[in-house]
>>> print(open('query10.cif').read())   # mmCIF, C-alpha atoms
data_coords
loop_
_atom_site.label_atom_id
_atom_site.label_comp_id
_atom_site.auth_asym_id
_atom_site.auth_seq_id
_atom_site.Cartn_x
_atom_site.Cartn_y
_atom_site.Cartn_z
CA MET Z 24 0.00 0.00 0.00
CA ARG Z 25 1.42 3.34 -1.03
CA MET Z 26 1.23 6.34 1.24
CA LYS Z 27 -0.69 9.32 -0.04
CA LYS Z 28 1.52 11.94 -1.62
CA SER Z 29 1.32 15.29 -3.32
CA TRP Z 30 3.41 16.10 -6.33
CA LYS Z 31 5.03 19.21 -7.71
CA ILE Z 32 4.61 19.25 -11.43
CA TYR Z 33 7.27 20.28 -13.86
CA ILE Z 34 6.53 20.52 -17.55
CA ALA Z 35 10.21 19.70 -18.09
CA VAL Z 36 9.44 16.12 -17.03
CA THR Z 37 8.14 15.52 -20.55
CA GLY Z 38 10.78 17.69 -22.20
CA MET Z 39 8.31 20.04 -23.75
CA SER Z 40 6.82 23.47 -23.50
CA LEU Z 41 3.12 23.44 -24.22
CA CYS Z 42 1.36 26.14 -26.11
CA LEU Z 43 -2.21 25.02 -25.65
CA ALA Z 44 -5.63 26.54 -25.87
CA GLY Z 45 -9.18 25.27 -25.60
CA CYS Z 46 -11.88 27.00 -27.61
CA ALA Z 47 -11.69 30.56 -28.84
CA GLY Z 48 -12.04 32.98 -25.99
CA SER Z 49 -10.39 30.83 -23.33
CA GLY Z 50 -8.70 32.77 -20.56
CA THR Z 51 -4.95 33.26 -20.63
CA SER Z 52 -4.19 34.65 -17.19
CA ALA Z 53 -1.57 33.17 -14.87
CA ALA Z 54 -2.57 30.46 -12.43
CA ALA Z 55 -3.89 31.72 -9.15
CA GLY Z 56 -2.02 31.05 -5.94
CA HIS Z 57 0.42 28.41 -7.16
CA GLY Z 58 1.80 28.86 -10.66
CA ALA Z 59 1.34 26.61 -13.63
CA GLY Z 60 4.53 24.80 -12.71
CA GLU Z 61 2.90 23.41 -9.57
CA ASP Z 62 -0.20 21.35 -9.04
CA ARG Z 63 -1.82 19.40 -6.27
CA VAL Z 64 -2.18 15.72 -7.02
CA ALA Z 65 -3.42 13.30 -4.39
CA GLY Z 66 -3.23 9.53 -4.66
CA THR Z 67 -5.84 7.46 -2.88
CA GLU Z 68 -4.54 4.98 -0.36
CA HIS Z 69 -5.01 2.38 -3.05
CA GLY Z 70 -1.93 4.00 -4.55
CA THR Z 71 -0.88 5.55 -7.81
CA GLY Z 72 0.55 2.27 -8.96
CA ALA Z 73 -2.69 0.42 -8.31
CA ASP Z 74 -5.62 -0.26 -10.54
CA SER Z 75 -9.24 -1.00 -9.80
CA GLY Z 76 -10.43 -0.01 -13.19
CA ALA Z 77 -13.10 -2.59 -13.90
CA GLY Z 78 -15.54 -0.96 -11.54
CA THR Z 79 -15.25 -3.25 -8.55
CA ASP Z 80 -15.09 -2.00 -4.97
CA HIS Z 81 -11.47 -3.11 -4.69
CA GLY Z 82 -9.76 -0.46 -2.59
CA ALA Z 83 -12.96 1.42 -1.91
CA GLY Z 84 -13.28 3.09 1.40
CA ALA Z 85 -9.67 4.20 1.47
CA ASP Z 86 -8.96 7.63 2.80
CA SER Z 87 -8.82 9.96 -0.17
CA GLY Z 88 -7.18 12.91 1.51
CA ALA Z 89 -3.92 14.47 0.38
CA SER Z 90 -0.85 15.35 2.33
CA THR Z 91 0.51 18.44 0.66
CA ASP Z 92 3.71 20.38 1.04
CA HIS Z 93 2.66 23.35 -1.06
CA GLY Z 94 -0.50 25.10 -2.27
CA ALA Z 95 -3.01 25.69 0.50
CA GLY Z 96 -1.05 23.60 2.99
CA THR Z 97 -4.08 21.48 3.90
CA ASP Z 98 -4.89 17.83 3.41
CA HIS Z 99 -7.91 18.48 1.19
CA ALA Z 100 -8.91 20.49 -1.85
CA GLY Z 101 -9.72 24.15 -1.29
CA ASP Z 102 -13.23 25.36 -2.04
CA GLU Z 103 -11.92 27.43 -4.94
CA GLU Z 104 -10.16 24.51 -6.64
CA LEU Z 105 -11.52 22.45 -9.54
CA VAL Z 106 -11.38 18.81 -8.36
CA ILE Z 107 -10.54 16.21 -11.01
CA TYR Z 108 -10.72 12.46 -10.43
CA CYS Z 109 -8.27 10.83 -12.82
CA PRO Z 110 -6.72 7.35 -13.33
CA HIS Z 111 -4.18 8.56 -15.92
CA PRO Z 112 -0.43 8.20 -15.27
CA LEU Z 113 1.10 11.21 -13.54
CA GLU Z 114 3.43 11.87 -16.46
CA PHE Z 115 0.31 12.23 -18.59
CA ILE Z 116 -1.65 14.37 -16.13
CA ASN Z 117 1.10 16.80 -15.19
CA PRO Z 118 1.80 18.85 -18.32
CA ILE Z 119 -1.85 19.08 -19.34
CA VAL Z 120 -3.12 20.27 -15.96
CA ALA Z 121 -0.20 22.65 -15.49
CA GLU Z 122 -0.86 24.32 -18.82
CA PHE Z 123 -4.59 24.51 -18.16
CA GLU Z 124 -3.88 26.31 -14.90
CA GLY Z 125 -1.47 28.70 -16.58
CA ARG Z 126 -3.84 29.51 -19.43
CA THR Z 127 -7.02 29.96 -17.42
CA GLY Z 128 -5.93 30.92 -13.89
CA ILE Z 129 -8.13 28.10 -12.58
CA ARG Z 130 -6.63 26.17 -9.69
CA VAL Z 131 -6.81 22.38 -9.94
CA TYR Z 132 -6.66 19.52 -7.44
CA VAL Z 133 -6.24 16.02 -8.93
CA GLN Z 134 -7.35 12.88 -7.10
CA THR Z 135 -5.69 9.80 -8.61
CA GLY Z 136 -6.55 6.12 -8.26
CA GLY Z 137 -8.03 3.23 -10.23
CA THR Z 138 -11.02 3.90 -12.46
CA GLY Z 139 -13.48 1.75 -10.53
CA GLU Z 140 -12.32 3.09 -7.18
CA LEU Z 141 -12.70 6.68 -8.34
CA LEU Z 142 -16.13 6.01 -9.83
CA LYS Z 143 -17.23 4.61 -6.49
CA MET Z 144 -15.91 7.71 -4.73
CA ALA Z 145 -17.78 9.96 -7.16
CA GLU Z 146 -20.95 7.95 -6.71
CA GLU Z 147 -20.72 8.13 -2.92
CA GLY Z 148 -19.88 11.84 -2.87
CA SER Z 149 -16.54 11.24 -1.18
CA GLU Z 150 -14.19 14.06 -0.24
CA PRO Z 151 -12.95 15.98 -2.07
CA PRO Z 152 -16.21 16.36 -4.09
CA CYS Z 153 -15.54 15.58 -7.75
CA ASP Z 154 -16.11 18.19 -10.47
CA ILE Z 155 -14.54 16.35 -13.43
CA PHE Z 156 -14.11 12.62 -14.09
CA TRP Z 157 -11.25 12.39 -16.56
CA GLY Z 158 -10.29 8.95 -17.92
CA GLY Z 159 -11.42 5.35 -17.75
CA SER Z 160 -12.56 3.31 -20.75
CA LEU Z 161 -16.08 3.91 -22.01
CA SER Z 162 -16.91 0.27 -21.19
CA THR Z 163 -16.21 1.07 -17.54
CA THR Z 164 -17.59 4.61 -17.23
CA SER Z 165 -20.68 4.31 -19.44
CA PRO Z 166 -22.64 2.13 -16.98
CA LYS Z 167 -22.25 5.01 -14.50
CA ARG Z 168 -23.20 7.77 -16.92
CA GLU Z 169 -26.08 8.88 -14.69
CA LEU Z 170 -23.37 10.50 -12.52
CA PHE Z 171 -22.51 13.01 -15.23
CA GLU Z 172 -23.92 16.41 -16.15
CA ALA Z 173 -25.12 17.10 -19.69
CA TYR Z 174 -22.53 19.05 -21.67
CA ILE Z 175 -21.47 19.16 -25.31
CA SER Z 176 -17.96 20.54 -25.83
CA CYS Z 177 -17.44 23.41 -28.24
CA ASN Z 178 -15.02 21.06 -30.06
CA GLU Z 179 -17.65 18.42 -30.82
CA ASP Z 180 -17.88 19.38 -34.50
CA MET Z 181 -14.23 18.31 -34.95
CA VAL Z 182 -14.64 14.94 -33.22
CA ARG Z 183 -14.68 11.90 -35.50
CA ASP Z 184 -18.11 10.39 -36.03
CA GLU Z 185 -17.36 7.19 -34.12
CA PHE Z 186 -16.37 9.24 -31.06
CA LYS Z 187 -19.30 11.64 -30.90
CA ASN Z 188 -20.83 12.40 -27.52
CA ARG Z 189 -24.07 10.57 -28.32
CA GLU Z 190 -25.15 10.41 -24.68
CA GLY Z 191 -24.88 14.19 -24.30
CA ASN Z 192 -22.77 13.96 -21.13
CA MET Z 193 -19.69 11.88 -22.06
CA SER Z 194 -17.13 13.72 -24.20
CA ARG Z 195 -14.62 11.34 -25.76
CA PHE Z 196 -11.01 12.16 -24.92
CA THR Z 197 -8.63 9.70 -26.62
CA ASP Z 198 -8.81 6.49 -28.65
CA ILE Z 199 -7.12 3.47 -27.01
CA PRO Z 200 -6.72 0.13 -28.84
CA SER Z 201 -5.96 -3.05 -26.93
CA VAL Z 202 -2.62 -4.60 -27.96
CA ILE Z 203 -0.25 -7.45 -27.20
CA MET Z 204 3.13 -6.19 -25.98
CA VAL Z 205 6.13 -8.37 -26.88
CA ASN Z 206 9.64 -8.34 -25.40
CA THR Z 207 11.84 -8.81 -28.47
CA ASN Z 208 14.78 -10.02 -26.36
CA LEU Z 209 12.75 -12.89 -24.93
CA ILE Z 210 10.36 -13.98 -27.65
CA GLY Z 211 12.99 -15.75 -29.77
CA ASP Z 212 11.52 -17.65 -32.72
CA VAL Z 213 8.01 -17.77 -31.25
CA LYS Z 214 5.64 -16.02 -33.65
CA VAL Z 215 2.98 -13.82 -32.04
CA GLU Z 216 0.44 -12.21 -34.36
CA GLY Z 217 -2.72 -12.55 -32.33
CA TYR Z 218 -4.64 -14.22 -29.54
CA LYS Z 219 -4.38 -17.75 -30.98
CA ASP Z 220 -0.58 -17.56 -30.84
CA LEU Z 221 -0.74 -17.03 -27.06
CA LEU Z 222 -1.79 -20.66 -26.69
CA GLN Z 223 1.61 -21.95 -27.85
CA PRO Z 224 3.26 -24.20 -25.23
CA GLU Z 225 6.46 -22.15 -25.47
CA LEU Z 226 4.59 -19.24 -23.85
CA LYS Z 227 3.10 -21.10 -20.89
CA GLY Z 228 3.82 -19.15 -17.71
CA ARG Z 229 5.43 -16.30 -19.70
CA ILE Z 230 2.27 -14.24 -20.34
CA ALA Z 231 1.47 -11.11 -18.33
CA MET Z 232 -2.27 -10.70 -17.84
CA CYS Z 233 -4.09 -8.70 -15.21
CA ASP Z 234 -7.27 -9.70 -13.40
CA PRO Z 235 -10.14 -8.12 -15.41
CA ALA Z 236 -12.02 -7.59 -12.15
CA THR Z 237 -9.37 -5.14 -10.98
CA SER Z 238 -8.17 -3.58 -14.23
CA SER Z 239 -10.21 -1.87 -16.93
CA SER Z 240 -7.46 -2.52 -19.51
CA ALA Z 241 -7.64 -6.26 -18.74
CA TYR Z 242 -11.43 -6.10 -18.92
CA GLU Z 243 -11.10 -4.50 -22.38
CA HIS Z 244 -8.92 -7.46 -23.42
CA LEU Z 245 -11.51 -9.90 -22.10
CA ILE Z 246 -14.18 -8.15 -24.20
CA ASN Z 247 -11.82 -8.18 -27.19
CA MET Z 248 -11.08 -11.91 -26.75
CA LEU Z 249 -14.74 -12.85 -26.54
CA TYR Z 250 -15.73 -10.95 -29.67
CA ALA Z 251 -12.60 -11.79 -31.70
CA MET Z 252 -12.37 -15.47 -30.82
CA GLY Z 253 -16.14 -15.92 -30.90
CA ASP Z 254 -16.38 -14.44 -34.42
CA GLY Z 255 -18.56 -11.60 -33.18
CA GLU Z 256 -20.54 -13.76 -30.74
CA PRO Z 257 -18.97 -13.33 -27.30
CA GLU Z 258 -20.58 -16.42 -25.77
CA GLN Z 259 -18.70 -18.48 -28.38
CA GLY Z 260 -15.37 -17.09 -27.17
CA TRP Z 261 -15.25 -18.76 -23.76
CA ASP Z 262 -13.56 -21.93 -25.01
CA TYR Z 263 -10.62 -19.77 -26.06
CA VAL Z 264 -10.62 -17.95 -22.70
CA GLU Z 265 -10.38 -21.30 -20.90
CA ASP Z 266 -7.42 -22.40 -23.03
CA PHE Z 267 -5.78 -19.02 -22.50
CA CYS Z 268 -6.17 -19.32 -18.73
CA ARG Z 269 -4.39 -22.67 -18.85
CA ASN Z 270 -1.42 -21.05 -20.57
CA LEU Z 271 -1.22 -18.38 -17.86
CA ASP Z 272 0.02 -21.21 -15.63
CA GLY Z 273 -1.41 -19.74 -12.44
CA ILE Z 274 -0.14 -16.18 -12.98
CA LEU Z 275 -2.81 -13.45 -12.88
CA LEU Z 276 -1.51 -10.02 -11.93
CA GLY Z 277 -3.23 -7.43 -9.74
CA GLY Z 278 -2.47 -4.17 -11.57
CA SER Z 279 -2.05 -3.08 -15.17
CA GLY Z 280 1.37 -1.54 -14.43
CA GLU Z 281 2.68 -5.00 -13.58
CA VAL Z 282 1.83 -6.10 -17.12
CA TYR Z 283 3.60 -3.51 -19.26
CA GLN Z 284 6.43 -2.96 -16.80
CA GLY Z 285 6.90 -6.71 -16.45
CA VAL Z 286 7.24 -7.19 -20.21
CA ALA Z 287 9.57 -4.19 -20.60
CA GLN Z 288 11.78 -5.41 -17.76
CA GLY Z 289 12.02 -8.93 -19.19
CA LYS Z 290 9.91 -10.69 -16.55
CA TYR Z 291 7.44 -11.84 -19.21
CA ALA Z 292 7.75 -12.51 -22.93
CA VAL Z 293 4.33 -11.07 -23.79
CA GLY Z 294 1.63 -9.04 -22.08
CA LEU Z 295 -1.94 -7.98 -22.73
CA THR Z 296 -2.20 -4.23 -22.31
CA PHE Z 297 -3.36 -0.99 -23.95
CA GLU Z 298 -1.56 0.84 -26.72
CA GLU Z 299 -0.31 3.89 -24.84
CA ALA Z 300 1.33 1.82 -22.09
CA ALA Z 301 3.41 -0.16 -24.60
CA ALA Z 302 3.96 2.81 -26.92
CA HIS Z 303 6.00 4.59 -24.21
CA TYR Z 304 8.62 1.86 -24.46
CA VAL Z 305 8.57 1.81 -28.26
CA ALA Z 306 9.15 5.55 -28.27
CA ASP Z 307 12.08 5.05 -25.86
CA LYS Z 308 13.64 2.46 -28.22
CA GLY Z 309 13.20 -0.36 -25.73
CA PRO Z 310 13.22 -4.10 -26.59
CA VAL Z 311 9.49 -3.97 -27.17
CA LYS Z 312 7.08 -4.24 -30.08
CA LEU Z 313 3.32 -3.88 -30.35
CA VAL Z 314 1.14 -6.56 -31.90
CA TYR Z 315 -2.36 -5.69 -33.08
CA MET Z 316 -4.28 -8.95 -32.92
CA LYS Z 317 -4.94 -10.37 -36.38
CA GLU Z 318 -8.27 -11.78 -35.18
CA GLY Z 319 -9.40 -8.20 -34.56
CA VAL Z 320 -8.75 -5.23 -32.30
CA ILE Z 321 -11.37 -3.34 -30.32
CA SER Z 322 -10.37 0.28 -29.81
CA THR Z 323 -12.33 1.85 -26.98
CA PRO Z 324 -12.19 5.58 -26.20
CA ASP Z 325 -11.94 7.04 -22.75
CA SER Z 326 -13.94 10.07 -21.70
CA VAL Z 327 -13.92 13.37 -19.83
CA CYS Z 328 -17.15 14.19 -18.00
CA ILE Z 329 -18.57 16.82 -15.66
CA VAL Z 330 -20.02 15.35 -12.48
CA LYS Z 331 -23.55 16.33 -11.54
CA GLY Z 332 -23.66 18.85 -8.72
CA SER Z 333 -20.24 20.30 -9.56
CA ARG Z 334 -19.51 23.37 -7.49
CA HIS Z 335 -17.43 24.79 -10.34
CA MET Z 336 -19.59 24.27 -13.42
CA LYS Z 337 -18.09 27.09 -15.51
CA GLU Z 338 -14.51 25.97 -14.77
CA ALA Z 339 -15.41 22.33 -15.43
CA ARG Z 340 -16.74 23.23 -18.88
CA GLU Z 341 -13.55 25.13 -19.59
CA PHE Z 342 -11.50 22.04 -18.73
CA VAL Z 343 -13.53 19.78 -21.04
CA ASP Z 344 -13.14 22.32 -23.86
CA PHE Z 345 -9.42 22.62 -23.18
CA VAL Z 346 -8.52 18.91 -23.24
CA THR Z 347 -10.64 18.26 -26.35
CA GLY Z 348 -9.16 21.26 -28.18
CA ARG Z 349 -6.83 20.85 -31.17
CA ASP Z 350 -3.65 22.08 -29.47
CA ALA Z 351 -4.02 19.85 -26.41
CA GLN Z 352 -4.97 16.87 -28.55
CA THR Z 353 -1.94 17.46 -30.79
CA VAL Z 354 0.44 17.36 -27.82
CA ILE Z 355 -1.35 14.27 -26.48
CA SER Z 356 -0.78 12.54 -29.82
CA MET Z 357 2.71 13.76 -30.66
CA ARG Z 358 4.31 13.64 -27.20
CA LEU Z 359 2.13 11.54 -24.90
CA ASP Z 360 1.60 8.45 -27.09
CA ARG Z 361 -2.19 8.60 -27.41
CA ARG Z 362 -4.48 8.67 -30.44
CA SER Z 363 -6.68 11.73 -30.73
CA VAL Z 364 -10.44 11.61 -31.24
CA ARG Z 365 -10.27 14.67 -33.49
CA MET Z 366 -10.42 14.66 -37.29
CA ASP Z 367 -7.62 17.22 -37.60
CA VAL Z 368 -4.97 15.48 -35.44
CA GLU Z 369 -2.83 12.63 -36.77
CA GLU Z 370 -1.61 9.54 -34.93
CA PRO Z 371 1.93 9.44 -33.51
CA SER Z 372 4.35 8.71 -36.35
CA TYR Z 373 5.61 5.43 -34.83
CA LEU Z 374 2.10 3.96 -34.52
CA PRO Z 375 0.29 2.31 -37.45
CA ASP Z 376 -2.57 4.05 -39.21
CA LYS Z 377 -5.91 2.92 -37.87
CA GLU Z 378 -6.82 1.85 -41.41
CA ASP Z 379 -4.02 -0.73 -41.29
CA ILE Z 380 -5.38 -2.39 -38.13
CA HIS Z 381 -8.12 -5.03 -38.29
CA ILE Z 382 -10.66 -3.16 -36.19
CA ILE Z 383 -13.72 -4.99 -34.88
CA TYR Z 384 -16.55 -3.67 -32.77
CA SER Z 385 -18.36 -4.75 -29.65
CA ARG Z 386 -22.04 -4.10 -29.01
CA GLU Z 387 -22.16 -1.40 -26.35
CA ASP Z 388 -25.52 -2.41 -24.86
CA GLU Z 389 -24.39 -6.03 -24.61
CA VAL Z 390 -21.07 -5.12 -23.00
CA ASN Z 391 -22.78 -2.88 -20.44
CA SER Z 392 -25.49 -5.38 -19.53
CA ARG Z 393 -23.20 -8.44 -19.40
CA LYS Z 394 -20.28 -6.93 -17.53
CA GLY Z 395 -20.99 -8.48 -14.14
CA THR Z 396 -21.81 -11.86 -15.68
CA TRP Z 397 -18.64 -11.90 -17.76
CA LEU Z 398 -16.41 -10.99 -14.82
CA GLU Z 399 -17.99 -13.74 -12.72
CA HIS Z 400 -17.62 -16.23 -15.57
CA PHE Z 401 -13.96 -15.36 -16.04
CA ALA Z 402 -13.31 -15.82 -12.31
CA SER Z 403 -15.08 -19.17 -12.43
CA VAL Z 404 -13.13 -20.35 -15.50
CA TYR Z 405 -9.82 -19.28 -13.99
CA ALA Z 406 -10.57 -20.97 -10.65
CA SER Z 407 -11.61 -24.14 -12.46
CA VAL Z 408 -8.34 -24.19 -14.42
CA LEU Z 409 -6.33 -23.73 -11.21
CA GLU Z 410 -8.17 -26.63 -9.57
CA GLU Z 411 -7.69 -28.81 -12.63
CA GLU Z 412 -3.95 -28.14 -12.73
CA ALA Z 413 -3.61 -28.57 -8.98
CA GLY Z 414 -5.32 -31.94 -9.22
CA ALA Z 415 -2.98 -33.04 -12.01
CA SER Z 416 0.08 -32.02 -10.00
CA GLY Z 417 -1.17 -33.22 -6.63
CA GLU Z 418 -0.74 -29.72 -5.14
CA PRO Z 419 -3.53 -27.62 -3.62
CA ALA Z 420 -4.96 -24.83 -5.78
CA GLY Z 421 -4.14 -21.41 -4.43
CA VAL Z 422 -3.44 -17.83 -5.31
CA PRO Z 423 -1.46 -17.12 -8.47
CA GLY Z 424 2.23 -17.74 -8.02
CA GLY Z 425 4.70 -14.85 -8.66
CA LEU Z 426 6.65 -13.51 -11.57
CA VAL Z 427 8.06 -15.94 -14.09
CA SER Z 428 10.29 -15.22 -17.06
CA GLY Z 429 12.12 -18.50 -17.48
CA HIS Z 430 15.14 -16.65 -18.82
CA GLY Z 431 17.21 -15.76 -15.78
CA GLU Z 432 18.03 -12.08 -15.51
CA PRO Z 433 15.48 -9.55 -16.84
CA ALA Z 434 16.07 -8.65 -20.48
CA GLY Z 435 14.34 -5.30 -20.53
CA MET Z 436 14.15 -1.74 -19.35
CA PRO Z 437 14.20 -0.07 -15.91
CA GLU Z 438 10.90 0.18 -14.12
CA LYS Z 439 8.72 3.24 -14.72
CA THR Z 440 7.04 4.56 -11.61
CA GLY Z 441 4.05 6.69 -10.73
CA GLU Z 442 1.70 5.03 -13.22
CA VAL Z 443 -1.89 3.92 -12.81
CA ASP Z 444 -4.32 2.34 -15.24
CA ALA Z 445 -5.27 4.92 -17.89
CA ARG Z 446 -8.15 2.71 -18.87
#
>>> encode(input="query10.cif", output="structure tokens")
Amino acid sequence: MRMKKSWKIYIAVTGMSLCLAGCAGSGTSAAAGHGAGEDRVAGTEHGTGADSGAGTDHGAGADSGASTDHGAGTDHAGDEELVIYCPHPLEFINPIVAEFEGRTGIRVYVQTGGTGELLKMAEEGSEPPCDIFWGGSLSTTSPKRELFEAYISCNEDMVRDEFKNREGNMSRFTDIPSVIMVNTNLIGDVKVEGYKDLLQPELKGRIAMCDPATSSSAYEHLINMLYAMGDGEPEQGWDYVEDFCRNLDGILLGGSGEVYQGVAQGKYAVGLTFEEAAAHYVADKGPVKLVYMKEGVISTPDSVCIVKGSRHMKEAREFVDFVTGRDAQTVISMRLDRRSVRMDVEEPSYLPDKEDIHIIYSREDEVNSRKGTWLEHFASVYASVLEEEAGASGEPAGVPGGLVSGHGEPAGMPEKTGEVDAR
């Protein structure tokens, strides 16, 4: 369990100077009280490295206060501050929020944590009261859309048709495909082009997968598996899921960071993650490549929403307009490894064009209505596989057993810290 911390934010962390604006007429005054180079970010006791993104109550009830060493000098957000709940990595949050403060003069307090944990806090009206919910895959946030205030951003006309705010209260923020991350130093001659290849015996116990009940990115992969391996009929995909669970060999991780960090560090040969997480390492020239599953890739956007009852409605609208604006979306794409939802912003140069990926689609109503059932079914399948393997070995079934690479010393990159599930 990580202790709660506050963070000073330096734009230099990302090596860039932002020149961002929201819609025409946005304010440009200096940040009030604590300049744009500082921000107040609080991690829940669940920790900034944790992940409860699938909407469970894992970690709920933790104290959400902040211990600060700057700003107002208190352990909670000031009444004048815009409060944002956000599961994004700190390195993603920092430059965007700092520039927003500098441009508008609006003070911001960011509460970090896993998506599901933060949704539960917003639903319960926890302190500090949430004004903006920024992040989390649409599959996770959409079932809770009654929490959000109706608002259409002034940038909506420039949003691609597939990412329009059809609900009227859920602005799309970025486009995030699910991918398989491969450590090129470990994979050897094993060919990985999609989900079916993960069943190869050479990969048994060398696959990093997170529990979909505690990670929204893992839940997105479960959805993707069911639709891709069931040829569009998710109930037909469970036979594959069972075979896949056997090849995990008792290893099911608790947080999404363990997946992409584990592959990059050489603890696992492959991992099931989201594009941005793996793209960081590709951009850094690490021993990593991205595989877009040949059976089909579901690319699910995340969202930025105003919470009903916000005490700072005008400022909240300004934030939504700012992060969906062309300049902010360009920086997000070019420097922060995400795909924009806008028509006038291109993908990062080192990522494939969306047209070159075999994109498939889930049925939103089905995903929303079956979520609980699918999570329970996955847990049941995984437990059954553990019992089956324990019976074959004569050992009792138990909790998943630790990190396995099978290749001695890690063949990857140093660990990245301060990251939570962006999905």
>>> resolve_selection(input="query10.cif", expression="the PyMOL selection byres ((chain Z and resi 168-174) around 12)", output="CSV table (one decimal) with C-alpha atoms, keeping the file's coordinate frame")
chain,number,residue,atom,x,y,z
Z,142,LEU,CA,-16.1,6.0,-9.8
Z,143,LYS,CA,-17.2,4.6,-6.5
Z,144,MET,CA,-15.9,7.7,-4.7
Z,145,ALA,CA,-17.8,10.0,-7.2
Z,146,GLU,CA,-21.0,8.0,-6.7
Z,147,GLU,CA,-20.7,8.1,-2.9
Z,148,GLY,CA,-19.9,11.8,-2.9
Z,153,CYS,CA,-15.5,15.6,-7.8
Z,154,ASP,CA,-16.1,18.2,-10.5
Z,155,ILE,CA,-14.5,16.4,-13.4
Z,156,PHE,CA,-14.1,12.6,-14.1
Z,157,TRP,CA,-11.2,12.4,-16.6
Z,161,LEU,CA,-16.1,3.9,-22.0
Z,162,SER,CA,-16.9,0.3,-21.2
Z,163,THR,CA,-16.2,1.1,-17.5
Z,164,THR,CA,-17.6,4.6,-17.2
Z,165,SER,CA,-20.7,4.3,-19.4
Z,166,PRO,CA,-22.6,2.1,-17.0
Z,167,LYS,CA,-22.2,5.0,-14.5
Z,175,ILE,CA,-21.5,19.2,-25.3
Z,176,SER,CA,-18.0,20.5,-25.8
Z,177,CYS,CA,-17.4,23.4,-28.2
Z,178,ASN,CA,-15.0,21.1,-30.1
Z,179,GLU,CA,-17.6,18.4,-30.8
Z,188,ASN,CA,-20.8,12.4,-27.5
Z,189,ARG,CA,-24.1,10.6,-28.3
Z,190,GLU,CA,-25.2,10.4,-24.7
Z,191,GLY,CA,-24.9,14.2,-24.3
Z,192,ASN,CA,-22.8,14.0,-21.1
Z,193,MET,CA,-19.7,11.9,-22.1
Z,194,SER,CA,-17.1,13.7,-24.2
Z,195,ARG,CA,-14.6,11.3,-25.8
Z,326,SER,CA,-13.9,10.1,-21.7
Z,327,VAL,CA,-13.9,13.4,-19.8
Z,328,CYS,CA,-17.2,14.2,-18.0
Z,329,ILE,CA,-18.6,16.8,-15.7
Z,330,VAL,CA,-20.0,15.4,-12.5
Z,331,LYS,CA,-23.6,16.3,-11.5
Z,332,GLY,CA,-23.7,18.8,-8.7
Z,333,SER,CA,-20.2,20.3,-9.6
Z,334,ARG,CA,-19.5,23.4,-7.5
Z,336,MET,CA,-19.6,24.3,-13.4
Z,337,LYS,CA,-18.1,27.1,-15.5
Z,339,ALA,CA,-15.4,22.3,-15.4
Z,340,ARG,CA,-16.7,23.2,-18.9
Z,341,GLU,CA,-13.6,25.1,-19.6
Z,342,PHE,CA,-11.5,22.0,-18.7
Z,343,VAL,CA,-13.5,19.8,-21.0
Z,344,ASP,CA,-13.1,22.3,-23.9
Z,391,ASN,CA,-22.8,-2.9,-20.4
>>> resolve_selection(input="query10.cif", expression="the PyMOL selection byres ((chain Z and resi 289-302) around 8)", output="number ranges by chain")
Z: 199-210, 226, 229-233, 240-241, 244, 279, 282-283, 285-288, 303-306, 311-313, 360-361, 374, 426-428, 432-436, 446
>>> closest_residue(input="query10.cif", among="Z:Glu265, Z:Glu338, Z:Leu249, Z:Ser407", to="Z:Ile129", atoms="only C-alpha atoms")
Z:Glu338
>>> closest_atom_pairs(input="query10.cif", of="stretch 135-236 of chain Z", to="stretch 259-263 of chain Z", cutoff="9 Å", atoms="only C-alpha atoms", output="Markdown table")
| residue | atom | partner | partner_atom | distance |
| --- | --- | --- | --- | --- |
| Z:Tyr218 | CA | Z:Tyr263 | CA | 8.9 |
| Z:Lys219 | CA | Z:Tyr263 | CA | 8.2 |
| Z:Leu222 | CA | Z:Tyr263 | CA | 8.9 |
>>> atom_distance(input="query10.cif", atom1="atom CA of Z:Gly217", atom2="atom CA of Z:Ala415")
28.9 Å
>>> closest_residue(input="query10.cif", among="Z:Thr127, Z:Ser392, Z:Tyr242, Z:Leu359", to="Z:Asp307", atoms="only C-alpha atoms")
Z:Leu359
>>> residues_around(input="query10.cif", residues="Z:Val408", least_positions_apart="2", cutoff="8 Å", atoms="all atoms listed in the file", output="list in words")
Glu265, Cys268, Arg269, Val404, Tyr405, Ala406, Glu410, Glu411 and Glu412 of chain Z
>>> write_last_selection(input="query10.cif", atoms="C-alpha atoms", output="mmCIF file, in the coordinates of the input")
data_model
loop_
_atom_site.group_PDB
_atom_site.id
_atom_site.type_symbol
_atom_site.label_atom_id
_atom_site.label_comp_id
_atom_site.auth_asym_id
_atom_site.auth_seq_id
_atom_site.Cartn_x
_atom_site.Cartn_y
_atom_site.Cartn_z
ATOM 1 C CA GLU Z 265 -10.380 -21.300 -20.900
ATOM 2 C CA CYS Z 268 -6.170 -19.320 -18.730
ATOM 3 C CA ARG Z 269 -4.390 -22.670 -18.850
ATOM 4 C CA VAL Z 404 -13.130 -20.350 -15.500
ATOM 5 C CA TYR Z 405 -9.820 -19.280 -13.990
ATOM 6 C CA ALA Z 406 -10.570 -20.970 -10.650
ATOM 7 C CA GLU Z 410 -8.170 -26.630 -9.570
ATOM 8 C CA GLU Z 411 -7.690 -28.810 -12.630
ATOM 9 C CA GLU Z 412 -3.950 -28.140 -12.730
#
>>> closest_residue(input="query10.cif", among="Z:Glu399, Z:Asp325, Z:Asp350, Z:Asp102", to="Z:Glu122", atoms="all atoms listed in the file")
Z:Asp350
>>> residues_around(input="query10.cif", residues="stretch 384-388 of chain Z", least_positions_apart="3", cutoff="9 Å", atoms="only C-alpha atoms", output="list in words")
Ser162, Ile246, Asn247, Tyr250, Gly255, Pro257, Gly319, Val320, Ile321, Ser322, Asn391, Ser392 and Arg393 of chain Z
